[in-house]
file structure05.txt (compact mmCIF, C-alpha atoms and all ligand atoms)
# COMPACT_ATOMS: atom_id res chain seq x y z
CA MET S 1 -15.45 -63.90 54.41
CA TYR S 2 -16.88 -67.36 54.80
CA ARG S 3 -18.85 -69.93 52.90
CA VAL S 4 -22.05 -71.55 54.16
CA GLU S 5 -23.42 -74.69 52.55
CA ILE S 6 -26.81 -76.24 53.22
CA ASP S 7 -27.22 -79.84 52.08
CA ARG S 8 -30.83 -79.82 50.91
CA ASP S 9 -31.03 -83.63 50.89
CA ALA S 10 -30.12 -83.66 54.60
CA CYS S 11 -32.28 -80.67 55.56
CA ASP S 12 -35.53 -81.78 57.18
CA GLY S 13 -37.17 -78.40 57.66
CA ILE S 14 -37.00 -78.25 61.46
CA PHE S 15 -35.73 -74.64 61.23
CA ALA S 16 -33.59 -74.61 64.33
CA CYS S 17 -31.13 -72.67 62.16
CA LEU S 18 -33.47 -69.69 61.81
CA VAL S 19 -33.51 -69.19 65.57
CA HIS S 20 -29.73 -68.71 65.66
CA ASP S 21 -29.08 -66.80 62.45
CA GLU S 22 -31.87 -64.75 60.86
CA ARG S 23 -30.14 -64.92 57.47
CA PHE S 24 -31.43 -68.49 57.19
CA VAL S 25 -35.01 -68.54 55.86
CA GLU S 26 -37.59 -71.05 54.67
CA ASP S 27 -37.87 -71.45 50.91
CA ASP S 28 -40.87 -72.34 48.79
CA ALA S 29 -40.08 -76.06 49.15
CA GLY S 30 -40.15 -75.93 52.97
CA LEU S 31 -36.37 -76.26 53.29
CA ALA S 32 -33.73 -73.86 54.54
CA THR S 33 -32.05 -71.34 52.29
CA VAL S 34 -30.27 -68.02 52.79
CA ASP S 35 -31.88 -64.60 52.29
CA PRO S 36 -29.77 -62.89 49.61
CA ASP S 37 -30.90 -59.47 50.86
CA ALA S 38 -29.93 -60.03 54.50
CA ALA S 39 -27.10 -58.04 56.07
CA GLY S 40 -23.69 -59.60 55.50
CA VAL S 41 -24.81 -61.92 52.70
CA VAL S 42 -22.56 -61.49 49.65
CA SER S 43 -23.96 -64.18 47.36
CA VAL S 44 -26.39 -67.10 47.33
CA ASP S 45 -26.50 -69.91 44.78
CA ARG S 46 -29.25 -72.49 45.11
CA THR S 47 -29.64 -75.80 43.30
CA ASP S 48 -31.90 -78.77 44.02
CA GLU S 49 -29.08 -80.37 46.03
CA GLN S 50 -27.56 -77.51 47.98
CA VAL S 51 -27.42 -73.85 48.85
CA VAL S 52 -23.99 -72.21 48.73
CA ALA S 53 -23.77 -68.73 50.24
CA THR S 54 -20.92 -66.35 50.96
CA PHE S 55 -21.11 -64.23 54.10
CA ASP S 56 -19.06 -61.26 55.29
CA GLY S 57 -18.03 -60.80 58.92
CA ASP S 58 -17.51 -63.33 61.68
CA THR S 59 -18.91 -66.83 61.70
CA ASP S 60 -20.50 -66.80 65.17
CA ALA S 61 -24.19 -66.82 64.21
CA ALA S 62 -23.74 -69.23 61.31
CA ASP S 63 -21.67 -71.54 63.51
CA MET S 64 -24.48 -71.59 66.08
CA ALA S 65 -27.01 -72.36 63.34
CA ALA S 66 -24.81 -75.22 62.11
CA ARG S 67 -24.41 -76.64 65.62
CA ALA S 68 -28.19 -76.44 66.18
CA CYS S 69 -29.04 -78.30 62.97
CA PRO S 70 -30.05 -81.85 64.03
CA PRO S 71 -29.03 -83.63 60.79
CA GLY S 72 -25.84 -81.57 60.37
CA ALA S 73 -26.98 -80.12 57.06
CA ILE S 74 -25.06 -76.83 57.45
CA THR S 75 -21.34 -76.44 56.82
CA VAL S 76 -19.46 -73.21 57.66
CA GLN S 77 -15.96 -72.68 56.30
CA GLU S 78 -13.68 -69.64 56.29
CA VAL S 79 -12.47 -68.68 52.82
CA SER S 80 -9.66 -66.37 51.79
CA GLU S 81 -10.76 -63.13 50.14
S1 LIG R 101 -31.84 -76.62 61.19
FE1 LIG R 101 -30.87 -77.86 59.56
S2 LIG R 101 -32.45 -79.35 59.02
FE2 LIG R 101 -33.46 -77.69 60.10
S3 LIG R 101 -34.12 -76.27 58.50
FE3 LIG R 101 -32.14 -75.56 59.20
S4 LIG R 101 -30.69 -76.52 57.78
FE4 LIG R 101 -32.61 -77.63 57.59

call {"tool": "encode", "arguments": {"input": "structure05.txt", "output": "structure tokens"}}
result
Amino acid sequence: MYRVEIDRDACDGIFACLVHDERFVEDDAGLATVDPDAAGVVSVDRTDEQVVATFDGDTDAADMAARACPPGAITVQEVSE
């Protein structure tokens, strides 16, 4: 299990993340969020400042999305279950 955070202040809506992990989607404000119905997504909490999501499985796709994000708005961190 791992935790993905998107800093919505840093996100600039380039959407490089979507190319690498299809669980990242565009929200109604034109910023990145996580699809709560996507495979492997356990939970998604969204505030004005950030999106915090919990994913099951390995971190490969989310890590690639984080590396592709120009402003470094995505953080991926393993969490104990
Ligand atoms: S790549 Fe980064 S800046 Fe671009 S939409 Fe995704 S989270 Fe936001």

call {"tool": "residues_around", "arguments": {"input": "structure05.txt", "residues": "Pro70 in chain S", "least_positions_apart": "3", "cutoff": "12 Å", "atoms": "all atoms listed in the file", "output": "ChimeraX atom specification"}}
result
/S:10-17,64-67,73-74

call {"tool": "closest_residue", "arguments": {"input": "structure05.txt", "among": "S:Val44, S:Ala32, S:Gln50, S:Asp58", "to": "Val19 in chain S", "atoms": "only C-alpha atoms"}}
result
S:Ala32

call {"tool": "atom_distance", "arguments": {"input": "structure05.txt", "atom1": "CA of Gly57 in chain S", "atom2": "CA of Ala29 in chain S"}}
result
28.5 Å

call {"tool": "closest_residue", "arguments": {"input": "structure05.txt", "among": "S:Ala53, S:Ala62, S:Val4, S:Val76", "to": "His20 in chain S", "atoms": "all atoms listed in the file"}}
result
S:Ala62

call {"tool": "axis_aligned_box", "arguments": {"input": "structure05.txt", "around": "ligand LIG 101 (chain R)", "padding_each_side": "8 Å", "output": "JSON"}}
result
{"center_x": -32.4, "center_y": -77.5, "center_z": 59.4, "size_x": 19.4, "size_y": 19.8, "size_z": 19.6}

call {"tool": "closest_residue", "arguments": {"input": "structure05.txt", "among": "S:Leu31, S:Glu78, S:Ala38, S:Thr59", "to": "Asp7 in chain S", "atoms": "all atoms listed in the file"}}
result
S:Leu31

call {"tool": "closest_residue", "arguments": {"input": "structure05.txt", "among": "S:Ala39, S:Val34, S:Asp56, S:Gly72", "to": "Leu18 in chain S", "atoms": "all atoms listed in the file"}}
result
S:Val34

call {"tool": "closest_residue", "arguments": {"input": "structure05.txt", "among": "S:Gln77, S:Thr54, S:Thr33, S:Ser43", "to": "ligand LIG 101 (chain R)", "atoms": "only C-alpha atoms and all ligand atoms"}}
result
S:Thr33

call {"tool": "closest_residue", "arguments": {"input": "structure05.txt", "among": "S:Thr75, S:Ala68, S:Asp27, S:Glu49", "to": "ligand LIG 101 (chain R)", "atoms": "all atoms listed in the file"}}
result
S:Ala68

call {"tool": "atom_distance", "arguments": {"input": "structure05.txt", "atom1": "CA of Met1 in chain S", "atom2": "CA of Pro71 in chain S"}}
result
24.8 Å

call {"tool": "atom_distance", "arguments": {"input": "structure05.txt", "atom1": "CA of Val41 in chain S", "atom2": "CA of Glu5 in chain S"}}
result
12.8 Å

call {"tool": "decode", "arguments": {"input": "structure05.txt", "residues": "range 61-74 of chain S", "atoms": "all heavy atoms", "output": "PDB file, in the first residue's frame"}}
result
ATOM      1  N   ALA S  61       4.004   2.816 -11.606  1.00  0.00           N
ATOM      2  CA  ALA S  61       3.339   3.804 -12.459  1.00  0.00           C
ATOM      3  C   ALA S  61       3.273   5.166 -11.763  1.00  0.00           C
ATOM      4  O   ALA S  61       3.534   6.205 -12.374  1.00  0.00           O
ATOM      5  CB  ALA S  61       1.939   3.319 -12.824  1.00  0.00           C
ATOM      6  N   ALA S  62       2.955   5.164 -10.482  1.00  0.00           N
ATOM      7  CA  ALA S  62       2.866   6.425  -9.753  1.00  0.00           C
ATOM      8  C   ALA S  62       4.241   7.088  -9.641  1.00  0.00           C
ATOM      9  O   ALA S  62       4.352   8.317  -9.719  1.00  0.00           O
ATOM     10  CB  ALA S  62       2.266   6.199  -8.365  1.00  0.00           C
ATOM     11  N   ASP S  63       5.282   6.273  -9.480  1.00  0.00           N
ATOM     12  CA  ASP S  63       6.641   6.830  -9.440  1.00  0.00           C
ATOM     13  C   ASP S  63       6.982   7.499 -10.769  1.00  0.00           C
ATOM     14  O   ASP S  63       7.600   8.568 -10.806  1.00  0.00           O
ATOM     15  CB  ASP S  63       7.663   5.729  -9.158  1.00  0.00           C
ATOM     16  CG  ASP S  63       7.798   5.433  -7.671  1.00  0.00           C
ATOM     17  OD1 ASP S  63       7.465   6.311  -6.853  1.00  0.00           O
ATOM     18  OD2 ASP S  63       8.225   4.325  -7.349  1.00  0.00           O
ATOM     19  N   MET S  64       6.597   6.867 -11.871  1.00  0.00           N
ATOM     20  CA  MET S  64       6.870   7.454 -13.185  1.00  0.00           C
ATOM     21  C   MET S  64       6.100   8.763 -13.359  1.00  0.00           C
ATOM     22  O   MET S  64       6.616   9.740 -13.908  1.00  0.00           O
ATOM     23  CB  MET S  64       6.516   6.470 -14.295  1.00  0.00           C
ATOM     24  CG  MET S  64       7.518   5.345 -14.409  1.00  0.00           C
ATOM     25  SD  MET S  64       7.092   4.154 -15.689  1.00  0.00           S
ATOM     26  CE  MET S  64       7.137   5.167 -17.145  1.00  0.00           C
ATOM     27  N   ALA S  65       4.857   8.782 -12.893  1.00  0.00           N
ATOM     28  CA  ALA S  65       4.064  10.019 -12.963  1.00  0.00           C
ATOM     29  C   ALA S  65       4.737  11.120 -12.146  1.00  0.00           C
ATOM     30  O   ALA S  65       4.830  12.264 -12.583  1.00  0.00           O
ATOM     31  CB  ALA S  65       2.648   9.751 -12.452  1.00  0.00           C
ATOM     32  N   ALA S  66       5.229  10.767 -10.959  1.00  0.00           N
ATOM     33  CA  ALA S  66       5.883  11.757 -10.098  1.00  0.00           C
ATOM     34  C   ALA S  66       7.153  12.288 -10.752  1.00  0.00           C
ATOM     35  O   ALA S  66       7.427  13.490 -10.708  1.00  0.00           O
ATOM     36  CB  ALA S  66       6.195  11.134  -8.742  1.00  0.00           C
ATOM     37  N   ARG S  67       7.927  11.382 -11.377  1.00  0.00           N
ATOM     38  CA  ARG S  67       9.174  11.821 -12.016  1.00  0.00           C
ATOM     39  C   ARG S  67       8.889  12.710 -13.228  1.00  0.00           C
ATOM     40  O   ARG S  67       9.693  13.578 -13.572  1.00  0.00           O
ATOM     41  CB  ARG S  67      10.009  10.614 -12.431  1.00  0.00           C
ATOM     42  CG  ARG S  67      10.804  10.007 -11.286  1.00  0.00           C
ATOM     43  CD  ARG S  67      11.921   9.124 -11.799  1.00  0.00           C
ATOM     44  NE  ARG S  67      11.421   7.954 -12.498  1.00  0.00           N
ATOM     45  CZ  ARG S  67      11.126   6.798 -11.909  1.00  0.00           C
ATOM     46  NH1 ARG S  67      11.289   6.662 -10.608  1.00  0.00           N
ATOM     47  NH2 ARG S  67      10.683   5.780 -12.606  1.00  0.00           N
ATOM     48  N   ALA S  68       7.737  12.477 -13.887  1.00  0.00           N
ATOM     49  CA  ALA S  68       7.410  13.233 -15.099  1.00  0.00           C
ATOM     50  C   ALA S  68       6.807  14.598 -14.791  1.00  0.00           C
ATOM     51  O   ALA S  68       6.678  15.428 -15.693  1.00  0.00           O
ATOM     52  CB  ALA S  68       6.430  12.427 -15.952  1.00  0.00           C
ATOM     53  N   CYS S  69       6.442  14.835 -13.553  1.00  0.00           N
ATOM     54  CA  CYS S  69       5.752  16.078 -13.186  1.00  0.00           C
ATOM     55  C   CYS S  69       6.759  17.220 -13.108  1.00  0.00           C
ATOM     56  O   CYS S  69       7.611  17.234 -12.210  1.00  0.00           O
ATOM     57  CB  CYS S  69       5.050  15.880 -11.846  1.00  0.00           C
ATOM     58  SG  CYS S  69       4.257  17.384 -11.227  1.00  0.00           S
ATOM     59  N   PRO S  70       6.698  18.189 -14.020  1.00  0.00           N
ATOM     60  CA  PRO S  70       7.724  19.245 -14.064  1.00  0.00           C
ATOM     61  C   PRO S  70       7.885  20.008 -12.749  1.00  0.00           C
ATOM     62  O   PRO S  70       9.017  20.248 -12.318  1.00  0.00           O
ATOM     63  CB  PRO S  70       7.254  20.148 -15.209  1.00  0.00           C
ATOM     64  CG  PRO S  70       6.450  19.247 -16.081  1.00  0.00           C
ATOM     65  CD  PRO S  70       5.751  18.307 -15.140  1.00  0.00           C
ATOM     66  N   PRO S  71       6.794  20.422 -12.069  1.00  0.00           N
ATOM     67  CA  PRO S  71       7.003  21.169 -10.817  1.00  0.00           C
ATOM     68  C   PRO S  71       7.176  20.283  -9.586  1.00  0.00           C
ATOM     69  O   PRO S  71       7.272  20.797  -8.472  1.00  0.00           O
ATOM     70  CB  PRO S  71       5.723  22.012 -10.712  1.00  0.00           C
ATOM     71  CG  PRO S  71       4.690  21.206 -11.393  1.00  0.00           C
ATOM     72  CD  PRO S  71       5.394  20.460 -12.499  1.00  0.00           C
ATOM     73  N   GLY S  72       7.215  18.954  -9.764  1.00  0.00           N
ATOM     74  CA  GLY S  72       7.398  18.074  -8.609  1.00  0.00           C
ATOM     75  C   GLY S  72       6.222  18.102  -7.651  1.00  0.00           C
ATOM     76  O   GLY S  72       6.402  18.065  -6.428  1.00  0.00           O
ATOM     77  N   ALA S  73       5.017  18.145  -8.198  1.00  0.00           N
ATOM     78  CA  ALA S  73       3.822  18.279  -7.361  1.00  0.00           C
ATOM     79  C   ALA S  73       3.347  16.956  -6.768  1.00  0.00           C
ATOM     80  O   ALA S  73       2.467  16.948  -5.916  1.00  0.00           O
ATOM     81  CB  ALA S  73       2.696  18.907  -8.178  1.00  0.00           C
ATOM     82  N   ILE S  74       3.924  15.832  -7.240  1.00  0.00           N
ATOM     83  CA  ILE S  74       3.448  14.509  -6.804  1.00  0.00           C
ATOM     84  C   ILE S  74       4.478  13.864  -5.886  1.00  0.00           C
ATOM     85  O   ILE S  74       5.661  13.807  -6.207  1.00  0.00           O
ATOM     86  CB  ILE S  74       3.214  13.590  -8.021  1.00  0.00           C
ATOM     87  CG1 ILE S  74       2.194  14.209  -8.981  1.00  0.00           C
ATOM     88  CG2 ILE S  74       2.761  12.198  -7.571  1.00  0.00           C
ATOM     89  CD1 ILE S  74       2.068  13.476 -10.305  1.00  0.00           C
TER      90      ILE S  74
END
